[in-house]
$ cat query.csv   # CSV, C-alpha atoms
chain,number,residue,atom,x,y,z
A,1,MET,CA,26.6,15.9,28.2
A,2,LYS,CA,30.2,14.8,27.9
A,3,HIS,CA,32.7,15.2,30.8
A,4,ARG,CA,35.4,17.6,29.7
A,5,ILE,CA,39.0,16.7,30.6
A,6,VAL,CA,41.6,19.3,29.8
A,7,VAL,CA,45.3,18.5,30.1
A,8,LEU,CA,47.7,21.4,30.3
A,9,GLY,CA,51.1,20.6,28.8
A,10,ALA,CA,52.2,17.7,26.5
A,11,GLY,CA,55.5,16.9,28.0
A,12,TYR,CA,56.3,13.4,29.4
A,13,ALA,CA,53.6,13.7,32.1
A,14,GLY,CA,50.9,15.4,30.1
A,15,ALA,CA,51.3,13.4,26.9
A,16,PHE,CA,51.4,10.0,28.6
A,17,ALA,CA,48.4,10.9,30.7
A,18,ALA,CA,46.3,12.1,27.8
A,19,GLY,CA,47.1,8.9,25.9
A,20,ASN,CA,46.1,6.7,28.9
A,21,LEU,CA,42.9,8.6,29.4
A,22,ALA,CA,42.0,8.2,25.7
A,23,ARG,CA,42.7,4.5,25.9
A,24,ARG,CA,40.6,3.8,28.9
A,25,LEU,CA,37.6,6.1,28.8
A,26,SER,CA,34.7,6.0,26.4
A,27,ARG,CA,34.5,8.7,23.8
A,28,ALA,CA,30.7,8.6,24.3
A,29,ASP,CA,31.1,10.1,27.8
A,30,THR,CA,34.4,12.1,27.7
A,31,GLU,CA,36.0,14.9,25.7
A,32,ILE,CA,39.8,15.2,26.1
A,33,THR,CA,41.7,18.3,25.1
A,34,VAL,CA,45.4,18.8,25.4
A,35,VAL,CA,46.8,22.4,25.4
A,36,ASN,CA,50.4,22.8,24.5
A,37,ALA,CA,52.4,25.8,23.4
A,38,VAL,CA,54.5,24.1,20.6
A,39,PRO,CA,53.4,21.6,17.9
A,40,ASP,CA,56.1,19.0,18.7
A,41,PHE,CA,56.6,16.6,21.6
A,42,VAL,CA,59.9,17.8,23.3
A,43,GLU,CA,62.1,15.0,24.6
A,44,ARG,CA,63.4,17.0,27.5
A,45,MET,CA,65.6,14.1,28.7
A,46,ARG,CA,67.6,14.5,25.4
A,47,LEU,CA,67.9,18.2,25.2
A,48,HIS,CA,71.5,18.2,26.4
A,49,GLN,CA,72.2,15.9,23.4
A,50,LEU,CA,70.5,18.3,21.1
A,51,ALA,CA,72.6,21.2,22.4
A,52,ALA,CA,75.7,19.1,21.9
A,53,GLY,CA,75.0,18.9,18.2
A,54,GLN,CA,73.1,15.6,17.9
A,55,GLU,CA,69.9,15.3,15.9
A,56,LEU,CA,66.6,14.2,17.6
A,57,ALA,CA,63.6,12.6,15.9
A,58,SER,CA,60.7,15.0,15.5
A,59,ARG,CA,57.2,13.9,16.8
A,60,ARG,CA,54.4,16.2,15.9
A,61,LEU,CA,51.6,16.1,18.5
A,62,ALA,CA,49.0,16.3,15.8
A,63,ASP,CA,50.3,12.9,14.5
A,64,VAL,CA,50.7,11.5,18.0
A,65,PHE,CA,47.0,12.1,18.9
A,66,ALA,CA,45.6,11.4,15.4
A,67,GLY,CA,42.8,8.8,15.7
A,68,THR,CA,42.8,8.8,19.5
A,69,GLY,CA,39.9,11.3,20.0
A,70,VAL,CA,42.2,13.7,21.8
A,71,ARG,CA,41.8,17.3,20.7
A,72,LEU,CA,45.0,19.3,20.4
A,73,ARG,CA,44.9,23.0,21.1
A,74,LEU,CA,48.2,24.8,20.2
A,75,ALA,CA,48.2,27.7,22.6
A,76,ARG,CA,50.0,29.1,25.6
A,77,VAL,CA,48.2,29.0,28.9
A,78,THR,CA,47.8,32.6,30.3
A,79,GLY,CA,45.5,32.1,33.2
A,80,LEU,CA,43.5,29.6,35.3
A,81,ASP,CA,40.2,30.2,37.2
A,82,PRO,CA,39.5,27.1,39.3
A,83,GLU,CA,36.3,28.6,40.7
A,84,ARG,CA,34.8,29.0,37.3
A,85,ARG,CA,36.7,25.9,36.0
A,86,THR,CA,38.1,27.8,33.0
A,87,VAL,CA,41.6,28.1,31.4
A,88,ALA,CA,42.6,31.2,29.5
A,89,VAL,CA,44.8,30.6,26.4
A,90,THR,CA,46.4,32.5,23.6
A,91,GLY,CA,47.6,31.2,20.3
A,92,GLU,CA,47.5,31.5,16.6
A,93,ASP,CA,43.7,31.3,16.7
A,94,GLY,CA,43.6,34.2,19.2
A,95,ASP,CA,42.7,34.5,22.8
A,96,GLY,CA,40.1,32.2,24.3
A,97,GLU,CA,38.8,30.2,27.2
A,98,LEU,CA,38.4,26.4,27.7
A,99,GLY,CA,36.0,25.1,30.2
A,100,TYR,CA,36.7,21.9,32.1
A,101,ASP,CA,35.1,19.4,34.5
A,102,THR,CA,38.5,17.8,35.3
A,103,LEU,CA,41.8,19.5,34.8
A,104,LEU,CA,45.2,17.8,34.7
A,105,TYR,CA,47.9,20.5,35.2
A,106,ALA,CA,51.2,19.3,33.8
A,107,LEU,CA,53.0,22.5,32.6
A,108,GLY,CA,56.4,21.3,33.9
A,109,SER,CA,59.2,23.6,34.9
A,110,SER,CA,61.9,25.9,33.5
A,111,VAL,CA,65.3,27.0,34.6
A,112,ALA,CA,65.5,28.8,37.9
A,113,HIS,CA,67.8,31.8,37.8
A,114,GLN,CA,67.9,31.9,41.6
A,115,GLY,CA,68.2,35.7,41.5
A,116,VAL,CA,71.8,35.5,40.5
A,117,PRO,CA,72.9,38.6,38.6
A,118,GLY,CA,73.6,38.1,34.9
A,119,VAL,CA,72.1,34.6,34.6
A,120,ALA,CA,69.1,35.8,32.6
A,121,GLU,CA,71.2,38.0,30.3
A,122,HIS,CA,74.4,35.9,29.8
A,123,SER,CA,73.7,32.2,30.4
A,124,TYR,CA,72.2,29.3,28.5
A,125,ASP,CA,70.2,26.3,29.6
A,126,VAL,CA,68.7,23.0,28.3
A,127,THR,CA,65.3,23.1,30.0
A,128,GLY,CA,63.3,23.8,26.8
A,129,LEU,CA,63.6,23.3,23.1
A,130,SER,CA,64.2,26.9,22.2
A,131,SER,CA,66.9,27.3,24.9
A,132,ALA,CA,68.6,24.1,23.9
A,133,LEU,CA,68.7,25.2,20.2
A,134,ARG,CA,70.1,28.6,21.3
A,135,LEU,CA,72.9,26.9,23.2
A,136,ARG,CA,73.5,24.6,20.2
A,137,GLU,CA,74.0,27.6,17.9
A,138,ARG,CA,76.3,29.3,20.3
A,139,LEU,CA,78.5,26.2,20.8
A,140,ALA,CA,78.7,25.7,17.1
A,141,GLY,CA,80.3,29.1,16.8
A,142,LEU,CA,83.0,28.4,19.5
A,143,ALA,CA,86.5,27.9,18.1
A,144,GLU,CA,88.9,25.2,19.4
A,145,GLY,CA,90.0,26.0,23.0
A,146,GLY,CA,86.7,27.8,23.8
A,147,THR,CA,85.6,27.5,27.4
A,148,VAL,CA,82.2,26.2,28.7
A,149,LEU,CA,81.2,26.3,32.3
A,150,VAL,CA,78.2,24.3,33.5
A,151,VAL,CA,76.8,25.5,36.8
A,152,GLY,CA,75.0,23.0,39.0
A,153,GLU,CA,76.0,19.5,40.1
A,154,GLY,CA,72.5,17.9,39.8
A,155,LEU,CA,71.5,15.3,37.2
A,156,THR,CA,71.1,17.9,34.4
A,157,GLY,CA,74.4,19.6,35.1
A,158,ILE,CA,76.3,16.3,35.1
A,159,GLU,CA,74.7,15.0,32.0
A,160,THR,CA,75.2,18.3,30.2
A,161,ALA,CA,78.9,18.6,31.1
A,162,THR,CA,79.8,15.1,30.1
A,163,GLU,CA,77.7,15.2,26.9
A,164,LEU,CA,79.4,18.4,25.8
A,165,ALA,CA,82.9,17.2,26.7
A,166,GLU,CA,82.4,14.0,24.7
A,167,SER,CA,80.8,15.6,21.7
A,168,ARG,CA,83.2,18.6,21.6
A,169,PRO,CA,86.7,17.4,22.8
A,170,ASP,CA,88.1,20.6,21.3
A,171,LEU,CA,86.5,22.7,24.0
A,172,SER,CA,87.5,23.1,27.6
A,173,VAL,CA,84.5,22.1,29.8
A,174,ALA,CA,84.2,22.7,33.5
A,175,LEU,CA,81.5,22.2,36.1
A,176,ALA,CA,80.9,24.4,39.2
A,177,ALA,CA,79.4,22.5,42.1
A,178,ARG,CA,78.1,24.1,45.3
A,179,GLY,CA,79.1,21.0,47.3
A,180,GLU,CA,80.9,17.7,46.5
A,181,LEU,CA,80.4,16.2,43.1
A,182,GLY,CA,78.0,13.3,43.3
A,183,ALA,CA,77.6,13.6,47.1
A,184,TRP,CA,74.3,11.7,47.0
A,185,LEU,CA,75.7,8.7,45.2
A,186,SER,CA,77.2,5.6,46.9
A,187,PRO,CA,81.0,5.7,47.3
A,188,ARG,CA,81.6,3.3,44.4
A,189,ALA,CA,79.2,5.2,42.1
A,190,ARG,CA,80.9,8.5,43.1
A,191,ARG,CA,84.3,7.1,42.2
A,192,HIS,CA,82.9,6.0,38.8
A,193,LEU,CA,81.5,9.5,38.2
A,194,ARG,CA,84.9,11.1,39.0
A,195,ARG,CA,86.7,8.6,36.7
A,196,ALA,CA,84.3,9.6,33.9
A,197,PHE,CA,84.9,13.3,34.5
A,198,ASP,CA,88.7,12.7,34.4
A,199,ARG,CA,88.4,10.6,31.2
A,200,LEU,CA,86.4,13.3,29.5
A,201,GLY,CA,88.6,16.1,30.7
A,202,VAL,CA,85.9,17.9,32.6
A,203,THR,CA,87.4,20.2,35.3
A,204,VAL,CA,85.4,20.2,38.6
A,205,HIS,CA,85.2,23.3,40.9
A,206,GLU,CA,83.7,21.8,44.1
A,207,HIS,CA,82.3,23.9,46.9
A,208,THR,CA,82.0,26.8,44.4
A,209,GLY,CA,78.8,28.7,44.4
A,210,VAL,CA,78.4,31.1,41.5
A,211,GLU,CA,77.1,34.6,42.5
A,212,ALA,CA,77.3,36.4,39.2
A,213,VAL,CA,77.5,35.6,35.4
A,214,GLU,CA,79.2,37.9,33.0
A,215,PRO,CA,79.7,37.5,29.2
A,216,THR,CA,83.0,35.8,29.4
A,217,ARG,CA,83.2,34.5,33.0
A,218,ALA,CA,81.4,33.6,36.2
A,219,ILE,CA,82.2,35.0,39.6
A,220,ALA,CA,82.3,32.6,42.5
A,221,ALA,CA,81.2,33.4,46.1
A,222,ASP,CA,84.9,33.8,47.2
A,223,GLY,CA,85.6,36.2,44.3
A,224,THR,CA,87.3,33.6,42.1
A,225,SER,CA,86.9,34.3,38.3
A,226,LEU,CA,85.9,31.2,36.3
A,227,PRO,CA,86.5,31.7,32.6
A,228,ALA,CA,83.5,30.9,30.4
A,229,ASP,CA,82.9,31.8,26.8
A,230,VAL,CA,79.6,30.0,27.5
A,231,THR,CA,77.9,29.5,30.8
A,232,VAL,CA,75.2,26.8,31.0
A,233,TRP,CA,73.0,27.3,34.0
A,234,SER,CA,71.6,24.1,35.5
A,235,ALA,CA,71.3,25.1,39.2
A,236,GLY,CA,67.7,24.3,39.7
A,237,PHE,CA,64.2,24.4,38.2
A,238,ALA,CA,61.2,26.7,38.7
A,239,VAL,CA,57.5,26.1,38.0
A,240,HIS,CA,55.2,28.6,36.2
A,241,PRO,CA,53.5,31.1,38.5
A,242,ILE,CA,50.1,30.5,37.0
A,243,ALA,CA,49.1,27.9,39.6
A,244,ALA,CA,50.0,30.1,42.5
A,245,ALA,CA,48.2,33.1,40.9
A,246,SER,CA,45.1,31.1,40.3
A,247,GLY,CA,44.3,30.5,44.0
A,248,LEU,CA,45.3,26.8,44.1
A,249,GLU,CA,47.1,25.8,47.2
A,250,VAL,CA,50.8,25.6,46.4
A,251,ALA,CA,54.0,24.9,48.2
A,252,GLU,CA,56.8,27.4,48.6
A,253,THR,CA,58.2,26.1,45.3
A,254,GLY,CA,55.0,27.1,43.5
A,255,GLN,CA,54.1,23.5,42.9
A,256,ILE,CA,50.5,22.4,43.4
A,257,VAL,CA,50.0,20.6,46.7
A,258,VAL,CA,48.3,17.3,46.0
A,259,ASP,CA,47.1,14.3,48.0
A,260,ARG,CA,48.1,10.7,47.4
A,261,SER,CA,46.0,10.6,44.3
A,262,MET,CA,47.6,13.7,42.7
A,263,ARG,CA,44.4,15.7,43.4
A,264,SER,CA,44.7,19.3,44.5
A,265,VAL,CA,44.0,19.6,48.2
A,266,SER,CA,42.2,22.9,47.6
A,267,HIS,CA,40.3,22.2,44.4
A,268,PRO,CA,39.1,18.6,43.8
A,269,ASP,CA,38.5,19.2,40.1
A,270,VAL,CA,42.2,19.8,39.6
A,271,TYR,CA,45.0,17.2,39.4
A,272,ALA,CA,48.7,17.8,38.9
A,273,ALA,CA,51.5,15.7,37.5
A,274,GLY,CA,55.2,16.0,36.7
A,275,ASP,CA,57.3,18.9,38.0
A,276,SER,CA,54.1,20.9,38.7
A,277,ALA,CA,53.0,18.5,41.5
A,278,TYR,CA,54.1,18.8,45.1
A,279,ALA,CA,53.6,15.1,45.9
A,280,ILE,CA,54.8,13.3,49.1
A,281,GLY,CA,56.4,9.9,48.4
A,282,GLU,CA,56.4,6.8,50.5
A,283,ASP,CA,59.5,8.1,52.4
A,284,GLY,CA,57.6,11.1,53.6
A,285,ARG,CA,59.6,13.5,51.4
A,286,PRO,CA,58.5,15.5,48.3
A,287,LEU,CA,59.2,13.7,45.0
A,288,PRO,CA,62.0,15.4,43.2
A,289,MET,CA,61.5,17.2,39.9
A,290,SER,CA,62.6,14.5,37.5
A,291,CYS,CA,61.4,12.3,34.7
A,292,ALA,CA,61.0,9.4,37.1
A,293,SER,CA,58.6,11.5,39.2
A,294,ALA,CA,56.7,12.5,36.0
A,295,GLY,CA,56.1,8.8,35.3
A,296,LEU,CA,54.9,8.1,38.9
A,297,THR,CA,52.6,11.1,39.1
A,298,ASN,CA,51.1,10.9,35.7
A,299,MET,CA,50.2,7.3,36.2
A,300,ARG,CA,48.7,8.0,39.6
A,301,ALA,CA,46.7,11.0,38.4
A,302,THR,CA,45.4,9.1,35.4
A,303,ALA,CA,44.4,6.1,37.5
A,304,ALA,CA,42.7,8.4,40.1
A,305,ILE,CA,40.7,10.3,37.4
A,306,ILE,CA,39.5,7.1,35.8
A,307,ALA,CA,38.6,5.5,39.1
A,308,ARG,CA,36.6,8.5,40.3
A,309,LEU,CA,34.8,9.0,37.0
A,310,THR,CA,33.9,5.3,36.6
A,311,GLY,CA,33.2,4.4,40.2
A,312,GLY,CA,36.4,2.4,40.8
A,313,ASP,CA,38.9,2.2,43.6
A,314,VAL,CA,41.3,5.2,43.8
A,315,PRO,CA,45.0,4.1,44.3
A,316,THR,CA,46.8,5.9,47.2
A,317,THR,CA,49.9,3.8,47.7
A,318,GLY,CA,53.1,3.0,45.8
A,319,LEU,CA,54.7,6.5,45.3
A,320,ARG,CA,58.2,5.3,45.7
A,321,TYR,CA,61.3,6.8,44.1
A,322,HIS,CA,63.6,4.0,43.0
A,323,GLY,CA,66.7,5.7,41.9
A,324,ASN,CA,68.6,7.9,39.5
A,325,HIS,CA,69.9,7.1,36.0
A,326,ILE,CA,72.6,9.5,34.9
A,327,SER,CA,74.1,9.6,31.3
A,328,LEU,CA,77.8,10.3,31.1
A,329,GLY,CA,78.0,10.8,27.4
A,330,ARG,CA,76.8,8.2,24.9
A,331,ARG,CA,78.9,5.2,26.1
A,332,ASP,CA,78.8,5.5,29.9
A,333,ALA,CA,76.2,6.0,32.6
A,334,ILE,CA,75.3,5.3,36.2
A,335,PHE,CA,72.2,3.7,37.5
A,336,GLN,CA,72.0,4.3,41.3
A,337,MET,CA,69.2,2.6,43.3
A,338,VAL,CA,67.9,4.2,46.5
A,339,ASP,CA,66.3,2.6,49.6
A,340,GLY,CA,62.9,3.4,51.2
A,341,ASP,CA,64.4,6.5,52.8
A,342,THR,CA,65.9,7.7,49.4
A,343,ARG,CA,69.4,7.0,50.5
A,344,SER,CA,71.7,5.5,47.9
A,345,LYS,CA,72.2,1.8,48.1
A,346,SER,CA,75.8,0.4,48.0
A,347,TRP,CA,75.0,-1.3,44.7
A,348,TYR,CA,75.1,0.6,41.4
A,349,LEU,CA,75.3,-0.2,37.7
A,350,GLY,CA,77.8,1.7,35.6
A,351,GLY,CA,79.5,1.7,32.2
A,352,ARG,CA,78.3,0.6,28.8
A,353,THR,CA,75.6,-1.7,30.3
A,354,ALA,CA,74.1,1.3,32.2
A,355,ALA,CA,74.4,3.4,29.1
A,356,ARG,CA,72.5,0.8,27.0
A,357,LEU,CA,69.8,0.7,29.8
A,358,LYS,CA,69.4,4.4,29.8
A,359,SER,CA,69.2,4.4,26.0
A,360,GLY,CA,66.5,1.8,26.2
A,361,VAL,CA,64.5,3.9,28.7
A,362,LEU,CA,64.7,6.9,26.4
A,363,ARG,CA,63.7,4.9,23.3
A,364,SER,CA,60.8,3.3,25.1
A,365,ALA,CA,59.6,6.7,26.5
A,366,GLY,CA,59.6,8.2,23.0
A,367,TRP,CA,57.9,5.1,21.5
A,368,GLY,CA,55.2,5.2,24.2
A,369,ILE,CA,54.5,8.9,23.4
A,370,ALA,CA,54.4,8.2,19.7
A,371,HIS,CA,51.9,5.3,20.1
A,372,PRO,CA,49.4,6.5,22.7
A,373,THR,CA,46.7,4.0,21.6
A,374,PHE,CA,48.9,0.9,21.7
A,375,GLY,CA,47.0,-1.9,23.6
A,376,MET,CA,43.7,0.0,23.2
A,377,PRO,CA,41.1,-2.1,25.0
A,378,LYS,CA,38.1,-3.1,22.9
A,379,ARG,CA,35.7,-1.8,25.5
A,380,ARG,CA,36.5,1.5,27.2
A,381,ARG,CA,35.0,2.4,30.6
A,382,ARG,CA,31.8,4.4,30.7
A,383,LEU,CA,31.3,7.1,33.3
A,384,ALA,CA,29.3,6.4,36.4
A,385,THR,CA,27.7,9.9,36.5
A,386,ALA,CA,27.2,12.9,34.3
A,387,PRO,CA,29.4,16.0,35.0
A,388,ASP,CA,27.9,18.4,37.6
A,389,ARG,CA,28.6,21.9,36.2
A,390,GLY,CA,27.0,23.5,39.2
A,391,GLY,CA,26.0,26.6,37.3
A,392,VAL,CA,29.5,27.3,36.2
A,393,ARG,CA,29.5,28.9,32.7
A,394,ALA,CA,30.7,26.5,30.0
A,395,ALA,CA,33.4,28.2,27.9
A,396,ALA,CA,33.9,27.5,24.2

$ encode --input "query.csv" --output "structure tokens"
Amino acid sequence: MKHRIVVLGAGYAGAFAAGNLARRLSRADTEITVVNAVPDFVERMRLHQLAAGQELASRRLADVFAGTGVRLRLARVTGLDPERRTVAVTGEDGDGELGYDTLLYALGSSVAHQGVPGVAEHSYDVTGLSSALRLRERLAGLAEGGTVLVVGEGLTGIETATELAESRPDLSVALAARGELGAWLSPRARRHLRRAFDRLGVTVHEHTGVEAVEPTRAIAADGTSLPADVTVWSAGFAVHPIAAASGLEVAETGQIVVDRSMRSVSHPDVYAAGDSAYAIGEDGRPLPMSCASAGLTNMRATAAIIARLTGGDVPTTGLRYHGNHISLGRRDAIFQMVDGDTRSKSWYLGGRTAARLKSGVLRSAGWGIAHPTFGMPKRRRRLATAPDRGGVRAAA
């Protein structure tokens, strides 16, 4: 009887994890299934580039997992029953259930509307492939002098505003920040960021919270009208409510509360990685929703699953967030290191060198996804014990 591992989501966290599990566990003992709603791997870190009019390489998940032993189920997750250990899905093949012995939940996040009136109806975002393509189409129809307002001063907002300004110098691009632009950066990096915004002609509205979005403008908390033919909303992320609805223990954010091995504190058969995981780092704070955290958590979850199934040592240390890498268009970037308390260090790397480093990170991430069996060991680990289904009905 094979141990059934189901991975929900094939973003950076899920796709990497599935590849690692396939590399290191024996096919004689395990059956790995990845559930994903779309057929292609989506490079979320590049979606602002796609929206700006650039072309991205397409990687079909069927090709990615070909020859690995990983089964791909193209379907949308509609429910989760951790007591029965089943996942409800719907797709082109109809509705169904998947049974699991170990579940890795990596469904990621989407844009958070924050309850602001008009955001759902009138704004755009770059948190998903379809939404980025929708923004791309809208921007392509803007004439010279059109106005674009990016709301949110986080990494996504900064990267989106600078990418659009560089790719479309004919447009007037602005960014609305609730606080000070780049407040978390070191003083030198903050000055670099401001110089980049000035060079690209991006107008910054600091200490400006947006309380409503309309078709051609946004309304600030003080009543100021900010012109916007297009409003791009990047003021936060939200996770899917499926985890909370299932009975798994979740944080106020809806993320699955996990221990140091990325294992659910309420259901030991469930692990979480990426934006779906509420994981506490070495500094005692929750890891932020980011690609860097996706890398940390998927590697930790994968190592823990393998260790527990094969009788190895489960890692519980090393969850340290090292810093932020921010693109400022194609030829500029900032790499800001942080200390053990997640405070920005005085040292930072900026300019073309940082941009080349960021480009290398993106290329290596894409290459790693496209080659999940690279470095495949000749002997994969066998499981220490057979799965204990405990009377739970196995679903097809």

$ closest_residue --input "query.csv" --among "A:Ile326, A:Leu362, A:Leu103, A:Ala15" --to "Glu153 (chain A)" --atoms "only C-alpha atoms"
A:Ile326

$ residues_around --input "query.csv" --residues "Val202 (chain A)" --least-positions-apart "5" --cutoff "10 Å" --atoms "only C-alpha atoms" --output "JSON, numbers by chain"
{"A": [148, 149, 161, 162, 164, 165, 166, 169, 171, 172, 173, 174, 175, 194, 196, 197]}

$ closest_residue --input "query.csv" --among "A:Arg46, A:His325, A:Arg71, A:Arg76" --to "Gly154 (chain A)" --atoms "all atoms listed in the file"
A:His325

$ closest_residue --input "query.csv" --among "A:Leu50, A:Glu43, A:Ala189, A:Val204" --to "Ala354 (chain A)" --atoms "only C-alpha atoms"
A:Ala189

$ closest_residue --input "query.csv" --among "A:Leu319, A:Ala62, A:Met262, A:Ala333" --to "Thr353 (chain A)" --atoms "only C-alpha atoms"
A:Ala333

$ atom_distance --input "query.csv" --atom1 "CA of Tyr105 (chain A)" --atom2 "CA of Tyr271 (chain A)"
6.1 Å

$ residues_around --input "query.csv" --residues "Ala112 (chain A)" --least-positions-apart "2" --cutoff "6 Å" --atoms "all atoms listed in the file" --output "list of chain:residue names"
A:Gln114, A:Gly236, A:Phe237, A:Ala238

$ closest_atom_pairs --input "query.csv" --of "region 208-265 of chain A" --to "region 80-90 of chain A" --cutoff "8 Å" --atoms "all atoms listed in the file" --output "Markdown table"
| residue | atom | partner | partner_atom | distance |
| --- | --- | --- | --- | --- |
| A:Ile242 | CA | A:Leu80 | CA | 6.9 |
| A:Ala243 | CA | A:Leu80 | CA | 7.3 |
| A:Ser246 | CA | A:Leu80 | CA | 5.5 |
| A:Gly247 | CA | A:Pro82 | CA | 7.5 |
| A:Leu248 | CA | A:Pro82 | CA | 7.5 |

$ closest_residue --input "query.csv" --among "A:Asp339, A:Asp170, A:Asp283, A:Glu144" --to "Leu200 (chain A)" --atoms "all atoms listed in the file"
A:Asp170

$ residues_around --input "query.csv" --residues "region 190-192 of chain A" --least-positions-apart "6" --cutoff "12 Å" --atoms "all atoms listed in the file" --output "ChimeraX atom specification"
/A:180-184,198-199,326,328,332-336,344,346-351,354

$ closest_residue --input "query.csv" --among "A:Ile32, A:Val64, A:Val257, A:Cys291" --to "Ala279 (chain A)" --atoms "all atoms listed in the file"
A:Val257

$ decode --input "query.csv" --residues "region 60-81 of chain A" --atoms "C-alpha atoms" --output "PDB file, in the first residue's frame"
ATOM      1  CA  ARG A  60       3.499  23.586 -18.835  1.00  0.00           C
ATOM      2  CA  LEU A  61       3.239  21.597 -15.634  1.00  0.00           C
ATOM      3  CA  ALA A  62       2.618  18.390 -17.583  1.00  0.00           C
ATOM      4  CA  ASP A  63       6.066  18.829 -19.155  1.00  0.00           C
ATOM      5  CA  VAL A  64       7.644  19.874 -15.844  1.00  0.00           C
ATOM      6  CA  PHE A  65       6.536  16.693 -14.076  1.00  0.00           C
ATOM      7  CA  ALA A  66       6.919  14.341 -17.050  1.00  0.00           C
ATOM      8  CA  GLY A  67       9.068  11.349 -16.081  1.00  0.00           C
ATOM      9  CA  THR A  68       9.132  12.247 -12.374  1.00  0.00           C
ATOM     10  CA  GLY A  69       6.330   9.972 -11.256  1.00  0.00           C
ATOM     11  CA  VAL A  70       4.339  12.985 -10.040  1.00  0.00           C
ATOM     12  CA  ARG A  71       0.695  12.882 -11.040  1.00  0.00           C
ATOM     13  CA  LEU A  72      -0.847  16.194 -12.125  1.00  0.00           C
ATOM     14  CA  ARG A  73      -4.530  16.879 -11.508  1.00  0.00           C
ATOM     15  CA  LEU A  74      -5.759  20.047 -13.210  1.00  0.00           C
ATOM     16  CA  ALA A  75      -8.577  21.095 -10.939  1.00  0.00           C
ATOM     17  CA  ARG A  76      -9.666  23.727  -8.467  1.00  0.00           C
ATOM     18  CA  VAL A  77      -9.729  22.858  -4.787  1.00  0.00           C
ATOM     19  CA  THR A  78     -13.238  23.390  -3.415  1.00  0.00           C
ATOM     20  CA  GLY A  79     -13.014  21.782   0.010  1.00  0.00           C
ATOM     21  CA  LEU A  80     -10.831  20.005   2.531  1.00  0.00           C
ATOM     22  CA  ASP A  81     -11.814  17.457   5.175  1.00  0.00           C
TER      23      ASP A  81
END
